[in-house]
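**Student:** What follows is entry.cif, made up of mmCIF, C-alpha atoms and all ligand atoms:
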data_data
#
loop_
_atom_site.label_atom_id
_atom_site.label_comp_id
_atom_site.auth_asym_id
_atom_site.auth_seq_id
_atom_site.Cartn_x
_atom_site.Cartn_y
_atom_site.Cartn_z
CA MET R 1 67.76 -31.38 24.65
CA ALA R 2 67.32 -34.25 27.11
CA ARG R 3 69.27 -37.12 28.60
CA ILE R 4 67.81 -40.26 27.06
CA LEU R 5 68.41 -43.86 28.09
CA ILE R 6 67.74 -46.54 25.48
CA ILE R 7 67.24 -50.06 26.87
CA GLU R 8 67.27 -52.35 23.84
CA ASP R 9 69.21 -55.53 23.09
CA GLU R 10 69.08 -55.23 19.29
CA ILE R 11 72.29 -53.33 18.73
CA ASP R 12 71.41 -51.97 15.26
CA MET R 13 68.09 -50.63 16.50
CA ALA R 14 69.66 -49.06 19.59
CA GLN R 15 72.50 -47.49 17.64
CA GLY R 16 70.14 -46.16 14.96
CA LEU R 17 67.94 -44.51 17.57
CA LYS R 18 70.99 -43.11 19.36
CA ASP R 19 72.27 -41.51 16.14
CA ASN R 20 68.89 -39.92 15.47
CA PHE R 21 68.45 -38.59 19.00
CA GLU R 22 71.99 -37.22 19.00
CA PHE R 23 71.32 -35.53 15.68
CA ASP R 24 68.39 -33.81 17.44
CA GLY R 25 70.76 -32.61 20.18
CA HIS R 26 69.98 -35.17 22.89
CA GLU R 27 72.50 -36.94 25.09
CA VAL R 28 72.05 -40.70 24.75
CA SER R 29 73.21 -43.82 26.57
CA ILE R 30 72.41 -47.44 25.74
CA ALA R 31 71.86 -50.48 27.95
CA SER R 32 71.62 -53.81 26.16
CA ASP R 33 69.85 -55.87 28.83
CA GLY R 34 67.15 -55.28 31.44
CA GLU R 35 69.41 -55.56 34.46
CA LYS R 36 71.93 -53.00 33.23
CA GLY R 37 69.06 -50.82 32.02
CA LEU R 38 67.35 -50.77 35.39
CA GLU R 39 70.60 -49.95 37.12
CA MET R 40 71.28 -47.05 34.73
CA ALA R 41 67.69 -45.82 35.04
CA LEU R 42 68.09 -45.61 38.81
CA THR R 43 71.60 -44.15 38.93
CA THR R 44 72.02 -41.86 35.91
CA SER R 45 68.73 -39.92 36.20
CA PRO R 46 67.72 -39.92 32.54
CA GLN R 47 64.91 -37.57 31.49
CA LEU R 48 63.37 -40.14 29.17
CA ILE R 49 63.66 -43.91 28.87
CA ILE R 50 63.09 -45.84 25.65
CA LEU R 51 62.36 -49.35 26.81
CA ASP R 52 62.09 -52.52 24.72
CA ILE R 53 59.88 -55.27 26.16
CA MET R 54 61.75 -58.41 25.08
CA LEU R 55 65.09 -58.05 26.84
CA PRO R 56 67.65 -60.45 28.30
CA LYS R 57 67.83 -60.87 32.10
CA ILE R 58 64.88 -58.64 33.12
CA SER R 59 61.95 -57.98 30.78
CA GLY R 60 60.94 -54.45 29.85
CA PHE R 61 57.68 -54.96 31.78
CA ASP R 62 59.56 -55.69 34.99
CA VAL R 63 62.06 -52.88 34.41
CA CYS R 64 59.16 -50.45 34.01
CA LYS R 65 57.44 -51.75 37.14
CA ALA R 66 60.63 -51.56 39.18
CA ILE R 67 61.31 -47.97 38.09
CA ARG R 68 57.81 -46.91 39.15
CA HIS R 69 58.02 -48.76 42.44
CA LYS R 70 61.17 -46.82 43.24
CA GLY R 71 58.96 -43.75 42.96
CA LEU R 72 60.58 -42.37 39.79
CA ALA R 73 58.25 -40.52 37.45
CA THR R 74 60.74 -40.52 34.54
CA PRO R 75 58.76 -40.73 31.30
CA ILE R 76 58.98 -44.17 29.72
CA MET R 77 58.29 -44.96 26.06
CA MET R 78 57.87 -48.68 25.44
CA LEU R 79 58.85 -50.42 22.22
CA THR R 80 56.30 -53.16 21.66
CA ALA R 81 55.65 -55.88 19.16
CA ARG R 82 52.22 -56.14 17.59
CA GLY R 83 49.77 -57.92 19.87
CA GLN R 84 51.44 -57.07 23.14
CA GLU R 85 49.11 -55.94 25.87
CA ILE R 86 48.87 -52.21 25.30
CA ASP R 87 46.22 -51.54 27.96
CA LYS R 88 48.46 -53.07 30.57
CA ILE R 89 51.52 -51.13 29.43
CA LEU R 90 49.87 -47.76 29.85
CA GLY R 91 47.78 -48.85 32.83
CA LEU R 92 48.52 -48.69 36.50
CA GLU R 93 50.29 -52.02 36.57
CA PHE R 94 53.26 -50.84 34.53
CA GLY R 95 52.87 -47.10 34.25
CA ALA R 96 54.58 -46.37 30.94
CA ASP R 97 53.82 -42.98 29.37
CA ASP R 98 53.53 -44.06 25.76
CA TYR R 99 54.40 -46.93 23.45
CA ILE R 100 55.25 -47.42 19.83
CA THR R 101 54.78 -50.65 17.91
CA LYS R 102 57.67 -52.15 15.95
CA PRO R 103 58.36 -51.63 13.10
CA PHE R 104 58.01 -47.84 13.38
CA SER R 105 59.41 -44.91 11.49
CA VAL R 106 62.11 -42.95 13.24
CA ARG R 107 60.28 -39.75 12.41
CA GLU R 108 57.18 -40.97 14.22
CA LEU R 109 59.19 -42.00 17.25
CA LEU R 110 60.94 -38.63 17.41
CA ALA R 111 57.61 -36.82 17.28
CA ARG R 112 56.18 -39.00 20.06
CA VAL R 113 59.29 -38.51 22.19
CA LYS R 114 58.99 -34.76 21.78
CA ALA R 115 55.36 -34.90 22.94
CA VAL R 116 56.18 -37.06 25.98
CA LEU R 117 59.03 -34.74 27.00
CA ARG R 118 56.78 -31.70 26.68
CA ARG R 119 54.08 -33.34 28.80
CA TYR R 120 56.66 -34.23 31.44
CA GLU R 121 58.01 -30.69 31.59
CA ASP R 122 54.50 -29.35 32.19
CA PHE R 123 54.01 -31.97 34.89
CA SER R 124 57.29 -31.15 36.65
CA ALA R 125 56.65 -27.43 36.47
CA SER R 126 53.20 -27.88 37.99
CA ILE R 127 54.59 -28.21 41.55
CA PRO R 128 56.17 -24.95 42.65
CA ALA R 129 59.40 -25.30 44.63
CA GLN R 130 58.18 -23.36 47.64
CA PHE R 131 55.11 -23.74 49.82
CA ASN R 132 51.95 -25.19 48.33
CA GLN R 133 48.65 -24.27 49.95
CA ILE R 134 46.73 -27.48 50.65
CA GLY R 135 43.61 -26.62 52.59
CA LYS R 136 44.73 -25.24 55.96
CA LEU R 137 48.31 -26.40 55.38
CA LYS R 138 51.25 -24.87 53.60
CA VAL R 139 53.51 -27.69 52.42
CA ASP R 140 57.07 -27.54 51.11
CA PHE R 141 57.73 -30.90 49.46
CA ALA R 142 61.41 -30.21 48.82
CA GLN R 143 62.13 -29.79 52.53
CA TYR R 144 59.33 -31.98 53.89
CA ARG R 145 57.89 -29.14 55.97
CA ALA R 146 54.30 -28.29 56.67
CA MET R 147 52.77 -25.34 58.52
CA ASP R 148 49.34 -24.16 59.47
CA GLU R 149 48.30 -20.86 61.03
CA LYS R 150 49.57 -22.08 64.41
CA GLY R 151 53.02 -23.00 63.13
CA GLU R 152 54.99 -26.11 62.18
CA VAL R 153 52.95 -29.32 61.67
CA GLU R 154 54.55 -32.76 61.90
CA LEU R 155 53.65 -35.04 59.00
CA SER R 156 55.02 -38.52 58.43
CA HIS R 157 56.91 -39.31 55.24
CA LYS R 158 53.92 -41.28 53.93
CA GLU R 159 51.58 -38.37 54.63
CA PHE R 160 53.85 -36.06 52.62
CA GLU R 161 54.00 -38.58 49.80
CA ILE R 162 50.22 -39.00 49.70
CA LEU R 163 49.64 -35.23 49.66
CA LYS R 164 52.20 -34.81 46.91
CA PHE R 165 50.62 -37.55 44.84
CA LEU R 166 47.14 -36.08 45.28
CA LEU R 167 48.42 -32.62 44.39
CA LEU R 168 50.07 -33.90 41.21
CA HIS R 169 46.78 -35.52 40.27
CA LYS R 170 44.51 -32.72 41.40
CA GLY R 171 41.07 -32.82 39.90
CA GLN R 172 41.48 -36.49 38.98
CA THR R 173 40.01 -39.49 40.73
CA VAL R 174 42.76 -41.59 42.25
CA SER R 175 41.99 -45.18 43.22
CA ARG R 176 43.06 -46.77 46.50
CA ASP R 177 45.10 -49.32 44.56
CA GLN R 178 46.88 -46.53 42.74
CA LEU R 179 47.81 -44.92 46.05
CA LEU R 180 48.94 -48.27 47.45
CA ASN R 181 51.12 -48.89 44.41
CA GLU R 182 52.61 -45.43 44.35
CA ILE R 183 53.14 -44.80 48.03
CA TRP R 184 53.66 -48.23 49.56
CA GLY R 185 54.91 -50.20 46.56
CA TYR R 186 54.03 -53.81 46.12
CA GLU R 187 56.41 -55.28 48.73
CA ALA R 188 54.41 -54.09 51.72
CA PHE R 189 50.95 -55.47 50.86
CA PRO R 190 48.98 -53.14 53.12
CA ALA R 191 45.19 -53.34 53.02
CA THR R 192 43.23 -50.71 51.10
CA ARG R 193 41.83 -49.86 54.55
CA THR R 194 45.30 -48.47 55.36
CA VAL R 195 44.82 -45.83 52.68
CA ASP R 196 41.49 -44.82 54.22
CA ASN R 197 43.09 -44.44 57.65
CA PHE R 198 45.75 -42.14 56.24
CA ILE R 199 43.13 -40.08 54.46
CA VAL R 200 41.20 -39.65 57.72
CA LYS R 201 44.40 -38.35 59.36
CA LEU R 202 45.21 -36.05 56.47
CA ARG R 203 41.71 -34.59 56.47
CA LYS R 204 42.17 -33.61 60.11
CA ARG R 205 45.30 -31.74 59.08
CA ILE R 206 44.05 -29.93 56.02
CA GLU R 207 40.27 -29.63 56.20
CA ASP R 208 38.41 -26.91 58.11
CA ASP R 209 35.69 -29.48 58.82
CA PRO R 210 37.12 -33.02 58.46
CA ASP R 211 33.62 -34.54 58.56
CA HIS R 212 32.64 -32.48 55.52
CA PRO R 213 35.84 -32.47 53.47
CA ARG R 214 36.19 -29.95 50.68
CA HIS R 215 39.67 -30.92 49.52
CA ILE R 216 40.01 -34.70 49.73
CA ILE R 217 36.69 -35.89 48.37
CA THR R 218 35.59 -39.52 48.57
CA VAL R 219 34.64 -41.04 45.22
CA TYR R 220 32.48 -43.98 46.26
CA GLY R 221 33.70 -47.40 45.21
CA ILE R 222 36.91 -45.99 43.69
CA GLY R 223 39.00 -43.77 45.88
CA TYR R 224 39.60 -40.06 46.26
CA LYS R 225 39.75 -36.85 44.37
CA PHE R 226 41.84 -33.88 45.44
CA VAL R 227 40.42 -30.43 44.90
CA ILE R 228 42.42 -27.27 45.66
CA CA R 301 64.49 -56.99 22.20
#
In structure tokens, what does this structure look like?
**Tutor:**
Amino acid sequence: MARILIIEDEIDMAQGLKDNFEFDGHEVSIASDGEKGLEMALTTSPQLIILDIMLPKISGFDVCKAIRHKGLATPIMMLTARGQEIDKILGLEFGADDYITKPFSVRELLARVKAVLRRYEDFSASIPAQFNQIGKLKVDFAQYRAMDEKGEVELSHKEFEILKFLLLHKGQTVSRDQLLNEIWGYEAFPATRTVDNFIVKLRKRIEDDPDHPRHIITVYGIGYKFVI
């Protein structure tokens, strides 16, 4: 059972989905334009968002972008029309989790929603609440505290956010642009060089030998990979 937000201006479609989700035991709210939908996404902490692309006021693309730039990882399932740019929807630019092309069967949508929710639960459970060992550091992301063997270590908010992002994507290669988008958001326009400077600082904190890093590995021409 999850709290689901449906952002869809076609009332019949929205109501039909709501009935089906409620029948499955979910708690459902509906927003019928992009502006209202974005506001509800940010204030009512839904666990899943069903997001239509063609919406009045703010398009589904921009709603999705705005949600991600606020740093929310809420799973988003996009409702698309045939021919819409699928690669973009799932890519870094928009960051949706899945999409389904209209017209679709309700049964298929419910199955996909179940899969997305399951994936998200695994993802959320993958960061333990207490201290995470990151190289030399122990980091508590809930309280923004970090310690090494000598005691408390001061990290900036951005440094915490970068470590958290790397930890959530451990074993994967993360591009500089991805880090810029996730940590700085698009309003700041920092140079990719900024990311490199932060990584240099973080290596000094977590690596035994910052010149030969074992945890934050450079992937040439792309970005970084975090290894526990
Ligand atoms: Ca629509």
**Student:** What gap, in Å, lies between atom CA of Lys204 of chain R and atom CA of Lys136 of chain R?
**Tutor:**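 Answer for the atom CA of Lys204 of chain R to atom CA of Lys136 of chain R separation: 9.7 Å.
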**Student:** So that I can see what lies close to Ile53 of chain R, please list as a PyMOL selection string the residues with an atom at most 7 Å from it, counting all atoms listed in the file and leaving out residues fewer than 6 positions away in the same chain.
**Tutor:** chain R and resi 59-61+78-80
**Student:** What is the atom CA of Val116 of chain R to atom CA of Asp52 of chain R distance in Å?
**Tutor:**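 Interatomic distance here is 16.6 Å.
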**Student:** Using only C-alpha atoms and all ligand atoms, find each residue with an atom at most 10 Å away from ligand CA 301 (chain R) and format the answer as a list of chain:residue names.
**Tutor:** R:Ile7, R:Glu8, R:Asp9, R:Glu10, R:Ile11, R:Met13, R:Ala14, R:Ser32, R:Asp33, R:Gly34, R:Leu51, R:Asp52, R:Ile53, R:Met54, R:Leu55, R:Pro56, R:Ser59, R:Gly60, R:Leu79, R:Thr80, R:Ala81
**Student:** Could you write out the selected residues, including C-alpha atoms, as a PDB file, in the frame of the given file?
**Tutor:**
ATOM      1  CA  ILE R   7      67.240 -50.060  26.870  1.00  0.00           C
ATOM      2  CA  GLU R   8      67.270 -52.350  23.840  1.00  0.00           C
ATOM      3  CA  ASP R   9      69.210 -55.530  23.090  1.00  0.00           C
ATOM      4  CA  GLU R  10      69.080 -55.230  19.290  1.00  0.00           C
ATOM      5  CA  ILE R  11      72.290 -53.330  18.730  1.00  0.00           C
ATOM      6  CA  MET R  13      68.090 -50.630  16.500  1.00  0.00           C
ATOM      7  CA  ALA R  14      69.660 -49.060  19.590  1.00  0.00           C
ATOM      8  CA  SER R  32      71.620 -53.810  26.160  1.00  0.00           C
ATOM      9  CA  ASP R  33      69.850 -55.870  28.830  1.00  0.00           C
ATOM     10  CA  GLY R  34      67.150 -55.280  31.440  1.00  0.00           C
ATOM     11  CA  LEU R  51      62.360 -49.350  26.810  1.00  0.00           C
ATOM     12  CA  ASP R  52      62.090 -52.520  24.720  1.00  0.00           C
ATOM     13  CA  ILE R  53      59.880 -55.270  26.160  1.00  0.00           C
ATOM     14  CA  MET R  54      61.750 -58.410  25.080  1.00  0.00           C
ATOM     15  CA  LEU R  55      65.090 -58.050  26.840  1.00  0.00           C
ATOM     16  CA  PRO R  56      67.650 -60.450  28.300  1.00  0.00           C
ATOM     17  CA  SER R  59      61.950 -57.980  30.780  1.00  0.00           C
ATOM     18  CA  GLY R  60      60.940 -54.450  29.850  1.00  0.00           C
ATOM     19  CA  LEU R  79      58.850 -50.420  22.220  1.00  0.00           C
ATOM     20  CA  THR R  80      56.300 -53.160  21.660  1.00  0.00           C
ATOM     21  CA  ALA R  81      55.650 -55.880  19.160  1.00  0.00           C
TER      22      ALA R  81
END
**Student:** For each of R:Gly16, R:Leu180, R:Ile228, R:Ile134, take the minimum atom-to-atom distance to Ser105 of chain R, counting only C-alpha atoms, then give the residue where this is smallest.
**Tutor:**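 When distances to Ser105 of chain R are compared using only C-alpha atoms, the smallest one comes from R:Gly16.
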**Student:** Please enclose the listed atoms of segment 169-177 of chain R in an axis-aligned box, pad each side by 6 Å, and write out the centre and the three edge lengths in Å, rounded to one decimal, as JSON.
**Tutor:**
{"center_x": 43.4, "center_y": -41.0, "center_z": 42.7, "size_x": 18.8, "size_y": 28.6, "size_z": 19.5}
**Student:** Between atom CA of Phe21 of chain R and atom CA of Glu35 of chain R, what is the distance, to one decimal in Å?
**Tutor:** 23.0 Å
**Student:** Using all atoms listed in the file, which residue out of R:Asp177, R:Gly221, R:Leu110, R:Arg68 lies closest to Asp24 of chain R?
**Tutor:**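 Of all the options, R:Leu110 lies closest to Asp24 of chain R.
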